[in-house]
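Here is the file data_9.tsv (TSV, C-alpha atoms).
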chain	number	residue	atom	x	y	z
A	1	MET	CA	-96.08	146.16	-83.09
A	2	PHE	CA	-94.88	145.29	-79.61
A	3	VAL	CA	-92.25	142.95	-78.19
A	4	LYS	CA	-94.32	139.92	-77.22
A	5	ALA	CA	-94.23	136.14	-77.38
A	6	PRO	CA	-96.50	134.20	-79.73
A	7	GLY	CA	-99.19	131.93	-78.33
A	8	SER	CA	-99.01	128.19	-77.77
A	9	ASP	CA	-100.72	127.60	-81.14
A	10	ALA	CA	-98.12	129.49	-83.20
A	11	GLU	CA	-97.34	127.84	-86.55
A	12	VAL	CA	-94.14	125.82	-86.91
A	13	PRO	CA	-92.14	126.11	-90.19
A	14	GLU	CA	-91.37	122.84	-91.98
A	15	ARG	CA	-87.63	123.23	-91.42
A	16	LEU	CA	-88.32	122.95	-87.69
A	17	ARG	CA	-90.14	119.64	-87.95
A	18	HIS	CA	-87.88	118.04	-85.32
A	19	PHE	CA	-88.18	121.10	-83.07
A	20	LYS	CA	-91.96	121.48	-83.23
A	21	ALA	CA	-92.30	123.01	-79.77
A	22	VAL	CA	-89.59	125.62	-80.37
A	23	LEU	CA	-90.61	129.27	-80.70
A	24	GLY	CA	-87.13	130.70	-81.29
A	25	ALA	CA	-83.87	131.26	-79.45
A	26	VAL	CA	-82.72	133.10	-76.34
A	27	ASP	CA	-79.37	134.56	-75.28
A	28	GLY	CA	-77.76	137.46	-73.50
A	29	VAL	CA	-76.20	140.38	-75.34
A	30	HIS	CA	-73.84	142.99	-73.93
A	31	VAL	CA	-74.69	146.59	-74.79
A	32	ALA	CA	-72.60	149.60	-73.80
A	33	ALA	CA	-73.22	151.17	-70.39
A	34	HIS	CA	-71.88	154.29	-68.68
A	35	PRO	CA	-72.28	153.74	-64.93
A	36	SER	CA	-70.85	155.95	-62.22
A	37	ALA	CA	-67.42	155.15	-60.80
A	38	VAL	CA	-69.13	153.64	-57.75
A	39	ASP	CA	-71.10	151.18	-59.89
A	40	ALA	CA	-68.41	150.44	-62.47
A	41	THR	CA	-67.25	147.13	-60.95
A	42	ARG	CA	-70.72	145.58	-61.24
A	43	PHE	CA	-71.00	146.57	-64.88
A	44	ARG	CA	-67.58	145.28	-65.92
A	45	ASN	CA	-67.97	142.15	-68.05
A	46	ARG	CA	-65.52	139.29	-68.56
A	47	LYS	CA	-63.83	141.25	-71.38
A	48	ALA	CA	-63.32	144.22	-69.03
A	49	GLY	CA	-65.88	146.38	-70.85
A	50	LEU	CA	-68.68	148.30	-69.11
A	51	THR	CA	-71.99	146.87	-70.29
A	52	PHE	CA	-75.53	145.81	-69.51
A	53	ASN	CA	-76.26	142.11	-69.98
A	54	VAL	CA	-79.63	142.11	-71.76
A	55	LEU	CA	-81.57	138.84	-71.98
A	56	ALA	CA	-83.64	138.55	-75.15
A	57	ALA	CA	-85.63	135.93	-77.04
A	58	CYS	CA	-86.52	136.14	-80.71
A	59	GLY	CA	-88.45	134.10	-83.24
A	60	PHE	CA	-87.12	132.63	-86.46
A	61	ASP	CA	-88.42	135.70	-88.28
A	62	LEU	CA	-85.91	137.79	-86.24
A	63	SER	CA	-88.63	139.57	-84.26
A	64	PHE	CA	-88.08	139.92	-80.53
A	65	HIS	CA	-90.50	138.07	-78.24
A	66	TYR	CA	-89.13	139.02	-74.82
A	67	ILE	CA	-86.49	141.30	-73.26
A	68	LEU	CA	-85.22	141.68	-69.72
A	69	THR	CA	-82.89	144.64	-69.31
A	70	GLY	CA	-81.09	146.41	-66.49
A	71	TRP	CA	-78.73	143.64	-65.40
A	72	GLU	CA	-75.05	144.49	-65.06
A	73	GLY	CA	-72.40	143.16	-67.42
A	74	SER	CA	-70.94	140.97	-64.67
A	75	ALA	CA	-74.16	138.93	-64.42
A	76	ALA	CA	-74.17	135.48	-66.02
A	77	ASP	CA	-76.79	134.71	-68.67
A	78	SER	CA	-78.13	131.86	-66.53
A	79	HIS	CA	-78.71	134.18	-63.57
A	80	VAL	CA	-80.59	136.70	-65.70
A	81	PHE	CA	-82.70	133.88	-67.13
A	82	HIS	CA	-83.62	132.72	-63.61
A	83	ALA	CA	-84.76	136.25	-62.80
A	84	ALA	CA	-86.85	136.32	-65.98
A	85	ARG	CA	-88.57	132.96	-65.50
A	86	THR	CA	-89.51	133.81	-61.92
A	87	SER	CA	-90.91	137.23	-62.75
A	88	THR	CA	-92.11	138.54	-66.11
A	89	TRP	CA	-91.38	135.87	-68.75
A	90	LEU	CA	-94.33	133.54	-69.27
A	91	ILE	CA	-93.49	131.03	-71.98
A	92	PRO	CA	-96.62	129.34	-73.39
A	93	LYS	CA	-97.17	125.87	-71.94
A	94	GLY	CA	-95.69	123.16	-74.12
A	95	ARG	CA	-93.42	125.57	-76.02
A	96	THR	CA	-89.70	126.14	-75.61
A	97	TYR	CA	-86.68	128.13	-76.81
A	98	LEU	CA	-83.20	127.11	-77.95
A	99	ALA	CA	-80.32	128.27	-75.75
A	100	ASP	CA	-76.57	127.71	-75.57
A	101	ALA	CA	-74.70	125.75	-72.92
A	102	GLY	CA	-74.56	128.79	-70.64
A	103	PHE	CA	-78.21	128.19	-69.76
A	104	PRO	CA	-79.76	125.35	-67.75
A	105	LEU	CA	-81.63	122.56	-69.51
A	106	CYS	CA	-85.27	122.67	-68.41
A	107	VAL	CA	-88.84	122.55	-69.72
A	108	GLU	CA	-88.53	126.06	-71.22
A	109	LEU	CA	-85.06	125.73	-72.74
A	110	LEU	CA	-83.43	123.17	-75.03
A	111	THR	CA	-79.65	123.32	-74.67
A	112	PRO	CA	-76.88	121.42	-76.52
A	113	TYR	CA	-75.32	118.17	-75.36
A	114	ARG	CA	-72.20	119.06	-73.41
A	115	ASN	CA	-68.78	117.61	-74.30
A	116	THR	CA	-69.98	117.20	-77.89
A	117	ARG	CA	-69.07	119.33	-80.91
A	118	TYR	CA	-71.45	122.26	-81.16
A	119	HIS	CA	-70.24	125.58	-82.58
A	120	LEU	CA	-70.12	125.76	-86.37
A	121	ASN	CA	-66.37	126.45	-86.35
A	122	GLU	CA	-65.82	123.03	-84.74
A	123	TRP	CA	-66.98	121.35	-87.94
A	124	GLY	CA	-64.07	122.48	-90.09
A	125	ASP	CA	-65.16	123.46	-93.60
A	126	GLY	CA	-68.56	121.85	-93.09
A	127	SER	CA	-67.73	118.65	-94.97
A	128	GLU	CA	-67.31	116.54	-91.83
A	129	THR	CA	-70.21	114.21	-91.14
A	130	VAL	CA	-71.90	113.60	-87.82
A	131	THR	CA	-71.23	110.26	-86.13
A	132	ASN	CA	-74.03	110.00	-83.57
A	133	LYS	CA	-77.39	111.46	-82.57
A	134	GLU	CA	-75.85	113.92	-80.11
A	135	GLU	CA	-73.63	115.48	-82.78
A	136	LEU	CA	-76.52	115.67	-85.23
A	137	TYR	CA	-78.75	117.33	-82.64
A	138	ASN	CA	-76.03	119.82	-81.69
A	139	ARG	CA	-75.26	120.72	-85.28
A	140	ARG	CA	-78.88	121.47	-86.14
A	141	HIS	CA	-79.47	123.17	-82.80
A	142	SER	CA	-76.49	125.46	-83.47
A	143	GLY	CA	-77.73	126.38	-86.93
A	144	LEU	CA	-81.19	127.28	-85.67
A	145	ARG	CA	-80.03	129.04	-82.50
A	146	SER	CA	-77.86	131.39	-84.56
A	147	VAL	CA	-81.01	133.42	-85.31
A	148	ILE	CA	-80.61	135.22	-81.98
A	149	GLU	CA	-77.00	136.09	-82.81
A	150	ARG	CA	-78.16	137.50	-86.13
A	151	ALA	CA	-80.92	139.53	-84.45
A	152	PHE	CA	-78.39	141.00	-82.02
A	153	GLY	CA	-75.99	141.72	-84.87
A	154	ILE	CA	-78.67	143.58	-86.83
A	155	MET	CA	-79.59	145.62	-83.77
A	156	LYS	CA	-75.99	146.69	-83.14
A	157	ALA	CA	-75.37	147.43	-86.81
A	158	ARG	CA	-78.54	149.49	-87.12
A	159	PHE	CA	-78.40	151.37	-83.80
A	160	LYS	CA	-74.99	152.83	-82.98
A	161	VAL	CA	-76.04	153.77	-79.43
A	162	LEU	CA	-76.01	150.07	-78.48
A	163	ARG	CA	-72.29	150.02	-79.25
A	164	THR	CA	-71.35	153.40	-77.82
A	165	GLY	CA	-73.85	153.86	-74.99
A	166	SER	CA	-75.28	157.14	-73.73
A	167	GLN	CA	-74.78	159.46	-70.77
A	168	PHE	CA	-78.34	159.32	-69.45
A	169	ASP	CA	-79.38	158.00	-66.05
A	170	LEU	CA	-78.82	154.23	-65.77
A	171	LYS	CA	-82.55	153.50	-65.84
A	172	VAL	CA	-82.86	155.39	-69.11
A	173	GLN	CA	-79.77	153.66	-70.51
A	174	ALA	CA	-81.30	150.29	-69.64
A	175	ALA	CA	-84.53	151.19	-71.46
A	176	VAL	CA	-82.78	151.91	-74.76
A	177	PHE	CA	-82.51	148.30	-76.00
A	178	PRO	CA	-86.19	147.40	-75.42
A	179	ALA	CA	-87.31	150.64	-77.08
A	180	LEU	CA	-85.16	150.01	-80.12
A	181	ALA	CA	-86.33	146.38	-80.25
A	182	VAL	CA	-89.87	147.68	-80.82
A	183	VAL	CA	-88.56	149.79	-83.72
A	184	HIS	CA	-86.66	146.75	-85.03
A	185	ASN	CA	-89.83	144.62	-84.94
A	186	MET	CA	-91.75	147.29	-86.84
A	187	LEU	CA	-89.04	147.65	-89.48
A	188	ILE	CA	-88.67	143.95	-90.27
A	189	SER	CA	-92.45	143.55	-90.36
A	190	ASP	CA	-93.04	146.48	-92.71
A	191	ASP	CA	-90.03	146.11	-95.02
A	192	PRO	CA	-89.03	142.56	-96.09
A	193	ASP	CA	-86.37	144.13	-98.34
A	194	ASP	CA	-84.66	145.88	-95.44
A	195	PRO	CA	-80.93	145.72	-96.34
A	196	TYR	CA	-80.10	144.77	-92.77
A	197	LEU	CA	-82.01	141.52	-93.30
A	198	LEU	CA	-80.03	140.65	-96.41
A	199	ASP	CA	-76.59	140.60	-94.77
A	200	ASP	CA	-75.16	138.24	-92.18
A	201	PHE	CA	-74.76	140.32	-89.05
A	202	ALA	CA	-74.29	137.39	-86.63
A	203	LEU	CA	-72.21	138.48	-83.67
A	204	ALA	CA	-68.91	136.63	-83.45
A	205	GLU	CA	-68.78	137.46	-79.74
A	206	MET	CA	-71.82	135.24	-79.17
A	207	GLU	CA	-69.99	132.12	-80.32
A	208	MET	CA	-68.50	131.49	-76.90
A	209	ASP	CA	-70.73	132.01	-73.89
A	210	GLY	CA	-67.88	132.15	-71.36
A	211	THR	CA	-69.91	130.37	-68.71
A	212	THR	CA	-67.90	128.45	-66.13
A	213	ASP	CA	-68.92	125.06	-64.79
A	214	SER	CA	-69.44	126.53	-61.33
A	215	THR	CA	-71.78	129.21	-62.71
A	216	LEU	CA	-73.76	126.60	-64.62
A	217	ARG	CA	-74.01	124.35	-61.56
A	218	ALA	CA	-75.36	127.27	-59.55
A	219	ALA	CA	-77.96	127.98	-62.21
A	220	ALA	CA	-78.88	124.31	-62.53
A	221	GLY	CA	-79.46	124.21	-58.79
A	222	ARG	CA	-82.40	126.54	-59.33
A	223	ILE	CA	-84.04	124.03	-61.67
A	224	SER	CA	-85.96	121.19	-60.02
A	225	ASP	CA	-84.96	117.59	-60.70
A	226	ALA	CA	-88.33	117.02	-62.37
A	227	GLU	CA	-87.84	120.00	-64.72
A	228	ARG	CA	-84.31	118.92	-65.57
A	229	LYS	CA	-85.47	115.35	-66.27
A	230	SER	CA	-88.29	116.66	-68.46
A	231	GLY	CA	-85.80	118.75	-70.44
A	232	GLN	CA	-83.44	115.79	-70.84
A	233	ASP	CA	-86.25	113.51	-71.99
A	234	GLN	CA	-87.45	116.09	-74.50
A	235	ARG	CA	-83.95	116.61	-75.90
A	236	ASP	CA	-83.25	112.86	-76.13
A	237	LYS	CA	-86.57	112.26	-77.90
A	238	ILE	CA	-85.77	114.93	-80.50
A	239	ALA	CA	-82.24	113.56	-81.00
A	240	ARG	CA	-83.49	109.99	-81.50
A	241	LYS	CA	-86.14	111.00	-84.04
A	242	MET	CA	-83.65	113.18	-85.87
A	243	TRP	CA	-81.09	110.37	-86.01
A	244	ARG	CA	-83.61	107.84	-87.34
A	245	SER	CA	-84.53	110.24	-90.16
A	246	PHE	CA	-80.88	110.97	-90.91
A	247	LYS	CA	-79.54	107.42	-91.18
As a first step, turn the structure in this file into structure tokens.
Amino acid sequence: MFVKAPGSDAEVPERLRHFKAVLGAVDGVHVAAHPSAVDATRFRNRKAGLTFNVLAACGFDLSFHYILTGWEGSAADSHVFHAARTSTWLIPKGRTYLADAGFPLCVELLTPYRNTRYHLNEWGDGSETVTNKEELYNRRHSGLRSVIERAFGIMKARFKVLRTGSQFDLKVQAAVFPALAVVHNMLISDDPDDPYLLDDFALAEMEMDGTTDSTLRAAAGRISDAERKSGQDQRDKIARKMWRSFK
């Protein structure tokens, strides 16, 4: 069992009927790093910790599809994504992943509507109703995208080294997450009763992406106008269909 993306003909669960092209979710996760004093500044994240920022995508079965490791904790998720899409990450044509507002909207990523309620804690006790198609889209997007937070939470709960780090060479440290992701994929495939799958290990730290407007603008500048327009059209089409079914 390897870390690999499914093909363009992968089956779509019924609960994803409005997100038929979606394979899963993508995000960055910070895992502990122990760089030298010379490199420490680059690895210091926005919370002042020393970490790697690992980009990962997973499916709705919690298995990892793609991982790009080695980036320093100071790197923005959007920058790491740009490196991935221009190098090793080949998303099947016509398929896409869900991402938070820290990523650019494009043909490969469906992001939330900005300036509209999104995170689950913005909906109070859950009894508040949506008032327009953008809120409905964001609420369902948030619920589905949380699968990547849960996958990260399971990884950190299961493998202590991701929280504490190791004293190996930086290249070896960077290789730890991908190696353990292979083990994770094997475990969830072979044991559906794995206790780690029965608990909610979603990472609270993933709720806020911490991306600034200037960082997002820089990332968006790497996306062509045609790609951005395609992403907007795809998102609007999903939101309209969802709203018609909801009303």
Requested in this report: With a distance cut-off of 6 Å and all atoms listed in the file, select the neighbouring residues of region 50-58 of chain A, excluding the residue or stretch itself and same-chain residues fewer than 3 positions from it, and output the selection as a list in words.
Outcome: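 Near region 50-58 of chain A, the qualifying residues are Gly24, Ala25, Val26, Asp27, Gly28, Val29, His30, Val31, Ala32, Ala33, Phe43, Arg44, Leu62, Ser63, Phe64, His65, Tyr66, Ile67, Leu68, Thr69, Trp71, Glu72 and Gly73 of chain A.
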**Report entry** Residues near region 175-191 of chain A, cut-off 8 Å, only C-alpha atoms, skip fewer than 2 positions along chain, as a list of chain:residue names
**Finding:**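 The filter keeps A:Met1, A:Phe2, A:Val3, A:Leu62, A:Ser63, A:Phe64, A:Ile67, A:Thr69, A:Gly70, A:Met155, A:Phe159, A:Leu162, A:Lys171, A:Val172, A:Gln173, A:Asp193, A:Asp194, A:Leu197.
Relative to CA of Leu136 (chain A), CA of Ala239 (chain A) is found at 7.4 Å.
With CA of Ala101 (chain A) on one side and CA of His34 (chain A) on the other, the separation reads 29.0 Å.
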Query - Best match for closeness to Ile223 (chain A) among A:Leu170, A:Leu105, A:Ile238, A:Ala76, counting only C-alpha atoms - result: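 The answer is A:Leu105, which sits nearest to Ile223 (chain A).
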Requested in this report: Check the smallest atom-to-atom distance from each of A:Asn121, A:Thr41, A:Thr96, A:Thr116 to Glu135 (chain A) using only C-alpha atoms, then report the winner.
Outcome: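 Comparing A:Asn121, A:Thr41, A:Thr96, A:Thr116 against Glu135 (chain A), the winner is A:Thr116.
Using all atoms listed in the file, the shortest contact distance between Met242 (chain A) and any of A:Gly59, A:Tyr196, A:Phe19, A:Gly143 is found at A:Phe19.
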Query - Nearby residues, (-77.5, 122.2, -75.2) file frame, 7 Å, all atoms listed in the file, as a count of residues only - result: 8
Requested in this report: Enumerate, as a PyMOL selection string, the protein, DNA and RNA residues whose atoms approach (-85.7, 130.7, -69.8) to within 6 Å, taking into account only C-alpha atoms and the coordinate frame of the file.
Outcome: chain A and resi 81+85+108-109
Query raised in the report: So what do you get for CA of Arg95 (chain A) versus CA of Leu23 (chain A), distance-wise?
Result: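 Going from CA of Arg95 (chain A) over to CA of Leu23 (chain A) covers 6.6 Å.
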Query - Nearest-residue call for Leu120 (chain A), choices A:Gly102, A:Arg139, A:Val107, A:Ala84, using all atoms listed in the file - result: A:Arg139
